[in-house]
file structure.txt (compact mmCIF, C-alpha atoms and all ligand atoms)
# COMPACT_ATOMS: atom_id res chain seq x y z
CA MET A 1 -72.09 181.74 -108.46
CA ALA A 2 -74.64 183.74 -110.31
CA GLU A 3 -73.60 187.07 -108.79
CA PRO A 4 -72.77 189.50 -111.61
CA MET A 5 -69.07 190.25 -112.01
CA THR A 6 -67.74 193.41 -110.39
CA PRO A 7 -65.64 195.77 -112.53
CA ASP A 8 -62.45 194.43 -110.90
CA GLU A 9 -63.53 190.86 -111.61
CA VAL A 10 -64.17 191.73 -115.26
CA VAL A 11 -60.68 193.18 -115.64
CA ARG A 12 -59.09 190.25 -113.82
CA ALA A 13 -60.92 187.63 -115.91
CA LEU A 14 -60.23 189.33 -119.24
CA THR A 15 -56.58 189.84 -118.37
CA HIS A 16 -56.19 186.20 -117.32
CA TRP A 17 -57.72 184.99 -120.60
CA ARG A 18 -55.62 187.45 -122.61
CA VAL A 19 -58.68 189.10 -124.12
CA PRO A 20 -57.48 192.22 -125.94
CA PHE A 21 -59.58 194.92 -124.27
CA ARG A 22 -59.90 198.68 -123.81
CA ARG A 23 -62.03 200.71 -121.45
CA VAL A 24 -64.64 203.30 -122.38
CA ASP A 25 -64.51 206.19 -119.88
CA GLY A 26 -67.03 205.66 -117.11
CA TRP A 27 -67.66 201.98 -117.90
CA ARG A 28 -67.43 200.89 -114.26
CA THR A 29 -70.54 202.83 -113.25
CA ARG A 30 -72.46 202.89 -116.55
CA ASN A 31 -75.60 200.72 -116.36
CA ARG A 32 -79.39 200.71 -116.27
CA ASN A 33 -79.69 199.22 -112.79
CA LYS A 34 -82.23 201.89 -111.85
CA VAL A 35 -84.85 200.53 -114.26
CA GLY A 36 -84.77 196.84 -113.32
CA PRO A 37 -82.94 193.98 -111.66
CA TRP A 38 -79.42 192.95 -112.61
CA GLY A 39 -78.72 189.33 -111.79
CA PRO A 40 -78.63 186.58 -111.04
CA VAL A 41 -76.66 186.16 -114.26
CA TYR A 42 -76.97 182.97 -116.30
CA GLY A 43 -75.15 183.59 -119.55
CA LEU A 44 -73.84 185.74 -122.36
CA VAL A 45 -75.78 186.85 -125.45
CA VAL A 46 -73.79 187.54 -128.63
CA HIS A 47 -75.12 190.26 -130.97
CA HIS A 48 -74.28 192.13 -134.14
CA THR A 49 -74.93 195.86 -134.47
CA GLY A 50 -76.40 195.34 -137.94
CA ASP A 51 -74.35 197.91 -139.77
CA ASP A 52 -70.92 198.32 -141.28
CA ALA A 53 -70.52 201.87 -140.00
CA ASP A 54 -67.18 203.06 -138.68
CA ASP A 55 -66.44 201.17 -135.45
CA LYS A 56 -66.30 204.50 -133.56
CA ILE A 57 -69.91 205.21 -134.52
CA ASP A 58 -71.00 201.75 -133.37
CA LEU A 59 -69.16 202.17 -130.07
CA ASP A 60 -70.77 205.55 -129.46
CA LEU A 61 -74.19 204.06 -130.23
CA ILE A 62 -73.71 201.28 -127.70
CA VAL A 63 -72.67 203.72 -125.00
CA ARG A 64 -75.48 206.24 -125.60
CA GLY A 65 -78.24 204.17 -127.17
CA ARG A 66 -80.67 205.54 -129.69
CA ALA A 67 -84.15 207.03 -129.78
CA GLY A 68 -86.46 204.74 -127.84
CA LEU A 69 -83.62 202.51 -126.66
CA PRO A 70 -81.42 204.20 -124.05
CA GLY A 71 -77.84 203.05 -123.57
CA PRO A 72 -75.82 201.26 -122.54
CA LEU A 73 -76.81 198.71 -125.19
CA ALA A 74 -74.37 196.06 -123.93
CA GLN A 75 -71.68 195.50 -121.33
CA PHE A 76 -69.13 194.78 -124.07
CA GLY A 77 -68.41 195.85 -127.63
CA CYS A 78 -66.22 193.99 -130.12
CA ASP A 79 -64.67 195.88 -133.03
CA ASP A 80 -63.36 194.60 -136.37
CA ASP A 81 -59.80 194.41 -135.01
CA GLY A 82 -60.94 192.15 -132.20
CA THR A 83 -60.65 194.74 -129.44
CA ILE A 84 -63.20 194.14 -126.70
CA TRP A 85 -64.51 197.46 -125.38
CA LEU A 86 -65.63 197.64 -121.76
CA VAL A 87 -68.77 199.77 -122.14
CA ALA A 88 -70.81 199.14 -119.01
CA CYS A 89 -70.96 197.12 -115.82
CA GLY A 90 -74.48 196.23 -114.72
CA ARG A 91 -77.81 195.99 -116.47
CA ALA A 92 -77.80 196.92 -120.16
CA ASN A 93 -80.43 197.18 -122.90
CA HIS A 94 -79.44 194.34 -125.22
CA ALA A 95 -81.41 191.11 -124.92
CA GLY A 96 -84.98 192.34 -124.44
CA GLY A 97 -87.76 189.78 -124.25
CA GLY A 98 -87.11 186.13 -125.00
CA ASP A 99 -88.26 182.61 -124.37
CA PRO A 100 -88.21 181.32 -120.75
CA ARG A 101 -87.67 177.79 -122.16
CA VAL A 102 -84.38 179.03 -123.61
CA LEU A 103 -83.47 180.60 -120.27
CA GLY A 104 -84.22 177.28 -118.55
CA ALA A 105 -82.06 175.38 -121.05
CA VAL A 106 -79.19 177.83 -120.50
CA ILE A 107 -79.47 177.55 -116.72
CA GLU A 108 -79.49 173.73 -116.95
CA GLU A 109 -76.86 173.70 -119.71
CA SER A 110 -78.63 170.53 -120.72
CA TYR A 111 -79.42 171.02 -124.42
CA GLY A 112 -77.71 169.41 -127.41
CA GLY A 113 -76.41 171.49 -130.31
CA TYR A 114 -78.97 174.26 -129.91
CA PRO A 115 -81.38 175.40 -127.19
CA PRO A 116 -85.12 174.97 -127.90
CA LYS A 117 -86.26 177.26 -130.72
CA SER A 118 -87.47 180.55 -129.28
CA ARG A 119 -91.17 181.38 -129.67
CA GLU A 120 -91.01 184.72 -127.86
CA HIS A 121 -89.74 188.27 -128.33
CA THR A 122 -89.97 191.68 -126.69
CA GLY A 123 -93.61 192.32 -125.79
CA SER A 124 -94.94 188.82 -126.51
CA ASP A 125 -97.23 187.37 -123.83
CA GLY A 126 -94.94 184.61 -122.64
CA SER A 127 -91.63 186.48 -122.85
CA THR A 128 -89.19 187.10 -120.04
CA ASP A 129 -86.69 189.99 -119.85
CA GLY A 130 -83.19 188.80 -120.72
CA ASN A 131 -81.60 192.05 -119.58
CA ASN A 132 -82.03 190.81 -115.99
CA ASN A 133 -79.93 187.72 -116.52
CA PHE A 134 -77.57 188.00 -119.47
CA TYR A 135 -74.36 189.81 -120.22
CA GLY A 136 -74.30 191.09 -123.77
CA VAL A 137 -71.60 191.71 -126.34
CA GLU A 138 -72.35 193.80 -129.44
CA THR A 139 -70.13 192.91 -132.37
CA PHE A 140 -69.57 195.79 -134.77
CA TYR A 141 -70.62 194.29 -138.12
CA SER A 142 -73.67 194.14 -140.33
CA GLY A 143 -74.39 190.42 -140.11
CA SER A 144 -74.63 190.20 -143.90
CA LYS A 145 -71.27 188.47 -143.76
CA ALA A 146 -69.27 186.78 -141.00
CA PRO A 147 -67.46 188.86 -138.38
CA THR A 148 -63.72 189.29 -138.93
CA ALA A 149 -61.47 186.46 -137.78
CA GLN A 150 -60.01 188.77 -135.12
CA ALA A 151 -63.47 189.65 -133.83
CA ARG A 152 -64.50 186.01 -133.70
CA ARG A 153 -61.32 185.05 -131.86
CA SER A 154 -61.87 187.79 -129.24
CA LEU A 155 -65.55 186.85 -128.83
CA VAL A 156 -64.50 183.27 -128.07
CA LEU A 157 -61.92 184.50 -125.54
CA LEU A 158 -64.43 186.86 -123.90
CA ALA A 159 -67.03 184.09 -123.67
CA ALA A 160 -64.43 181.72 -122.17
CA ALA A 161 -63.37 184.37 -119.62
CA ILE A 162 -66.97 184.93 -118.46
CA CYS A 163 -67.86 181.21 -118.42
CA HIS A 164 -64.71 180.34 -116.52
CA HIS A 165 -65.36 183.04 -113.90
CA HIS A 166 -68.86 181.70 -113.23
CA GLY A 167 -68.04 178.00 -113.62
CA TRP A 168 -70.33 177.77 -116.67
CA SER A 169 -69.91 175.59 -119.74
CA ALA A 170 -70.06 176.99 -123.28
CA LYS A 171 -73.81 176.24 -123.27
CA SER A 172 -74.30 179.42 -121.28
CA VAL A 173 -73.41 181.36 -124.44
CA ILE A 174 -76.25 181.99 -126.90
CA GLY A 175 -76.91 184.20 -129.89
CA HIS A 176 -79.63 186.86 -129.78
CA LYS A 177 -81.36 184.87 -132.55
CA GLU A 178 -81.63 181.97 -130.10
CA TRP A 179 -83.20 184.21 -127.44
CA SER A 180 -85.78 186.10 -129.53
CA ASP A 181 -87.71 184.76 -132.55
CA TRP A 182 -87.57 188.28 -134.01
CA LYS A 183 -83.82 188.43 -134.19
CA SER A 184 -81.24 187.17 -136.66
CA ASP A 185 -78.04 188.19 -134.89
CA PRO A 186 -75.23 187.39 -134.85
CA GLY A 187 -75.42 186.91 -138.63
CA HIS A 188 -73.29 184.23 -140.29
CA VAL A 189 -72.27 182.76 -136.94
CA ASP A 190 -73.39 179.20 -136.29
CA MET A 191 -73.82 179.19 -132.52
CA LYS A 192 -73.26 175.44 -132.20
CA ALA A 193 -69.84 175.85 -133.83
CA PHE A 194 -69.19 178.98 -131.78
CA ARG A 195 -69.96 177.13 -128.55
CA LYS A 196 -67.66 174.33 -129.68
CA ALA A 197 -64.84 176.87 -130.05
CA VAL A 198 -65.60 178.30 -126.58
CA ALA A 199 -65.64 174.77 -125.09
CA ARG A 200 -62.28 174.04 -126.69
CA ARG A 201 -60.83 177.31 -125.37
CA LEU A 202 -62.12 176.48 -121.88
CA ARG A 203 -60.46 173.05 -122.10
CA GLU A 204 -57.16 174.44 -123.36
CA GLY A 205 -57.04 177.50 -121.10
CA PRO A 206 -55.81 181.00 -121.98
CA PRO A 207 -53.79 181.26 -125.21
CA ASN A 208 -50.00 181.42 -125.19
CA PRO A 209 -48.63 184.96 -125.20
CA VAL A 210 -46.98 184.27 -128.55
CA ASP A 211 -50.38 183.36 -130.01
CA GLN A 212 -51.64 186.79 -129.08
CA ASP A 213 -49.72 188.71 -131.63
CA VAL A 214 -47.71 187.05 -134.33
CA TYR A 215 -45.27 189.40 -135.96
CA LEU A 216 -44.23 188.60 -139.50
CA GLU A 217 -41.55 190.99 -140.60
CA ARG A 218 -41.63 192.55 -144.02
CA ALA A 219 -38.13 191.18 -144.42
CA ALA A 220 -39.63 187.70 -144.39
CA ARG A 221 -41.16 188.46 -147.76
CA ARG A 222 -37.67 188.72 -149.16
CA LEU A 223 -36.66 185.32 -147.87
CA ARG A 224 -36.96 182.45 -150.26
CA ALA A 225 -40.54 181.33 -150.67
CA ALA A 226 -39.51 178.01 -149.16
CA SER A 227 -38.54 179.70 -145.89
CA ILE A 228 -41.82 181.52 -145.69
CA HIS A 229 -43.69 178.29 -146.30
CA LEU A 230 -41.62 176.75 -143.54
CA VAL A 231 -42.88 179.44 -141.16
CA LEU A 232 -46.47 179.11 -142.26
CA ALA A 233 -46.39 175.34 -142.24
CA ASP A 234 -45.81 175.37 -138.51
CA GLN A 235 -49.11 174.01 -137.29
CA ASN A 236 -49.34 176.12 -134.18
CA LEU A 237 -48.51 179.33 -135.94
CA LYS A 238 -50.96 178.43 -138.67
CA ARG A 239 -53.64 177.76 -136.09
CA ALA A 240 -52.96 181.06 -134.38
CA ILE A 241 -53.45 182.82 -137.70
CA ASP A 242 -56.57 180.77 -138.45
CA GLU A 243 -57.95 181.83 -135.12
CA GLY A 244 -57.34 185.44 -136.05
CA ALA A 245 -54.06 186.33 -134.35
CA LYS A 246 -52.97 189.71 -135.60
CA VAL A 247 -50.26 189.55 -138.20
CA ARG A 248 -48.43 192.81 -138.20
CA VAL A 249 -45.96 193.60 -140.95
CA ILE A 250 -43.27 196.02 -139.90
CA ARG A 251 -41.27 197.99 -142.41
CA GLY A 252 -37.52 198.05 -142.47
CA ARG A 253 -36.59 195.20 -140.16
CA THR A 254 -33.66 192.98 -140.96
CA ARG A 255 -33.46 189.44 -142.15
CA ALA A 256 -32.26 188.55 -138.65
CA SER A 257 -35.57 189.54 -137.11
CA ALA A 258 -37.42 187.49 -139.70
CA GLU A 259 -35.31 184.54 -138.64
CA ALA A 260 -36.23 185.28 -135.04
CA THR A 261 -39.86 184.96 -136.05
CA LYS A 262 -39.08 181.51 -137.42
CA GLU A 263 -37.59 180.69 -134.04
CA ASP A 264 -40.81 181.83 -132.40
CA ALA A 265 -42.66 179.44 -134.65
CA ALA A 266 -40.34 176.61 -133.67
CA ARG A 267 -40.78 177.47 -130.00
CA LEU A 268 -44.54 177.41 -130.42
CA GLY A 269 -44.22 173.95 -131.89
CA ARG A 270 -42.52 172.72 -128.74
CA GLN A 271 -45.08 174.18 -126.36
ZN ZN B 1 -79.06 191.66 -130.77
call {"tool": "encode", "arguments": {"input": "structure.txt", "output": "structure tokens"}}
result
Amino acid sequence: MAEPMTPDEVVRALTHWRVPFRRVDGWRTRNRNKVGPWGPVYGLVVHHTGDDADDKIDLDLIVRGRAGLPGPLAQFGCDDDGTIWLVACGRANHAGGGDPRVLGAVIEESYGGYPPKSREHTGSDGSTDGNNNFYGVETFYSGSKAPTAQARRSLVLLAAAICHHHGWSAKSVIGHKEWSDWKSDPGHVDMKAFRKAVARRLREGPPNPVDQDVYLERAARRLRAASIHLVLADQNLKRAIDEGAKVRVIRGRTRASAEATKEDAARLGRQ
């Protein structure tokens, strides 16, 4: 099952895993297949773009590339709000050269917390080209601090969707810094902990629809503090928020709708 996913399979997998995603025009046929092989695929490499530019600028960069590095620069982008952008389908310019020992460890999924430390990078004598074998997701942040909670949550869902499609474990997901000894991305993401979150998501399956988008009404702010604490104390709701579920505050709703949100929380508790 190392055939790369088709565009339809990508959409099906991401929909099933409730990954919040949007399509960049032309993504189905955007790739660099003409310059090298694509597949067999063995895993997913997580990246950061390395800047805190406007997400639109980062997205444009990944689609087009930059001087000396033609796009697409990944199959997927992940913005600060946790939207996964479908950029390309096929070979992309993201992983570059890396260590074949790491590739072997990913294929075997046999390593402990971390794959063997990479000793290779683009252009080094013993390197192998990761663009042949890895999907890539570029996360739109500088790496000088952690990605947003929403971005991290969506990255975990995306990784779970891809691993589940191929029958892989979370050990098929690595950071660029684990592939190339030149790289430090994704910054402030411990990949062992990240893989643990992916493994847990794979065990638990796709999130509940209610987890996807938790609405806390502005009216709830006017309820007694005790009521609000009651809502937030619900473990499942709290976990959804911890995992980066979007909390949207809507102006002008009634107390009744705030109460309905409490009911949602109670329902979550029973699921
Ligand atoms: Zn990278």
call {"tool": "closest_residue", "arguments": {"input": "structure.txt", "among": "A:Phe194, A:Tyr135, A:Trp182, A:Phe140", "to": "Gly123 in chain A", "atoms": "only C-alpha atoms"}}
result
A:Trp182
call {"tool": "residues_near_ligand", "arguments": {"input": "structure.txt", "ligand": "ligand ZN 1 (chain B)", "cutoff": "8 Å", "atoms": "all atoms listed in the file", "output": "number ranges by chain"}}
result
A: 45-49, 94-95, 138, 175-177, 183-186
call {"tool": "residues_around", "arguments": {"input": "structure.txt", "residues": "range 5-15 of chain A", "least_positions_apart": "4", "cutoff": "10 Å", "atoms": "all atoms listed in the file", "output": "JSON, numbers by chain"}}
result
{"A": [1, 19, 20, 21, 22, 23, 27, 28, 29, 39, 41, 84, 86, 88, 89, 90, 135, 157, 158, 159, 160, 161, 162, 163, 164, 165, 166, 206]}
call {"tool": "write_last_selection", "arguments": {"input": "structure.txt", "atoms": "C-alpha atoms", "output": "PDB file, keeping the file's coordinate frame"}}
result
ATOM      1  CA  MET A   1     -72.090 181.740-108.460  1.00  0.00           C
ATOM      2  CA  VAL A  19     -58.680 189.100-124.120  1.00  0.00           C
ATOM      3  CA  PRO A  20     -57.480 192.220-125.940  1.00  0.00           C
ATOM      4  CA  PHE A  21     -59.580 194.920-124.270  1.00  0.00           C
ATOM      5  CA  ARG A  22     -59.900 198.680-123.810  1.00  0.00           C
ATOM      6  CA  ARG A  23     -62.030 200.710-121.450  1.00  0.00           C
ATOM      7  CA  TRP A  27     -67.660 201.980-117.900  1.00  0.00           C
ATOM      8  CA  ARG A  28     -67.430 200.890-114.260  1.00  0.00           C
ATOM      9  CA  THR A  29     -70.540 202.830-113.250  1.00  0.00           C
ATOM     10  CA  GLY A  39     -78.720 189.330-111.790  1.00  0.00           C
ATOM     11  CA  VAL A  41     -76.660 186.160-114.260  1.00  0.00           C
ATOM     12  CA  ILE A  84     -63.200 194.140-126.700  1.00  0.00           C
ATOM     13  CA  LEU A  86     -65.630 197.640-121.760  1.00  0.00           C
ATOM     14  CA  ALA A  88     -70.810 199.140-119.010  1.00  0.00           C
ATOM     15  CA  CYS A  89     -70.960 197.120-115.820  1.00  0.00           C
ATOM     16  CA  GLY A  90     -74.480 196.230-114.720  1.00  0.00           C
ATOM     17  CA  TYR A 135     -74.360 189.810-120.220  1.00  0.00           C
ATOM     18  CA  LEU A 157     -61.920 184.500-125.540  1.00  0.00           C
ATOM     19  CA  LEU A 158     -64.430 186.860-123.900  1.00  0.00           C
ATOM     20  CA  ALA A 159     -67.030 184.090-123.670  1.00  0.00           C
ATOM     21  CA  ALA A 160     -64.430 181.720-122.170  1.00  0.00           C
ATOM     22  CA  ALA A 161     -63.370 184.370-119.620  1.00  0.00           C
ATOM     23  CA  ILE A 162     -66.970 184.930-118.460  1.00  0.00           C
ATOM     24  CA  CYS A 163     -67.860 181.210-118.420  1.00  0.00           C
ATOM     25  CA  HIS A 164     -64.710 180.340-116.520  1.00  0.00           C
ATOM     26  CA  HIS A 165     -65.360 183.040-113.900  1.00  0.00           C
ATOM     27  CA  HIS A 166     -68.860 181.700-113.230  1.00  0.00           C
ATOM     28  CA  PRO A 206     -55.810 181.000-121.980  1.00  0.00           C
TER      29      PRO A 206
END
call {"tool": "residues_around", "arguments": {"input": "structure.txt", "residues": "Gly113 in chain A", "least_positions_apart": "5", "cutoff": "10 Å", "atoms": "all atoms listed in the file", "output": "ChimeraX atom specification"}}
result
/A:171,191-193,195-196
call {"tool": "write_last_selection", "arguments": {"input": "structure.txt", "atoms": "C-alpha atoms", "output": "tab-separated table (two decimals), keeping the file's coordinate frame"}}
result
chain	number	residue	atom	x	y	z
A	171	LYS	CA	-73.81	176.24	-123.27
A	191	MET	CA	-73.82	179.19	-132.52
A	192	LYS	CA	-73.26	175.44	-132.20
A	193	ALA	CA	-69.84	175.85	-133.83
A	195	ARG	CA	-69.96	177.13	-128.55
A	196	LYS	CA	-67.66	174.33	-129.68
call {"tool": "closest_residue", "arguments": {"input": "structure.txt", "among": "A:Pro147, A:Gly82, A:Gly130, A:Gly26", "to": "Gly98 in chain A", "atoms": "only C-alpha atoms"}}
result
A:Gly130
call {"tool": "atom_distance", "arguments": {"input": "structure.txt", "atom1": "CA of Arg153 in chain A", "atom2": "CA of Asp99 in chain A"}}
result
28.1 Å
call {"tool": "closest_residue", "arguments": {"input": "structure.txt", "among": "A:Leu103, A:Ile62, A:Val87, A:Leu44", "to": "Leu155 in chain A", "atoms": "all atoms listed in the file"}}
result
A:Leu44
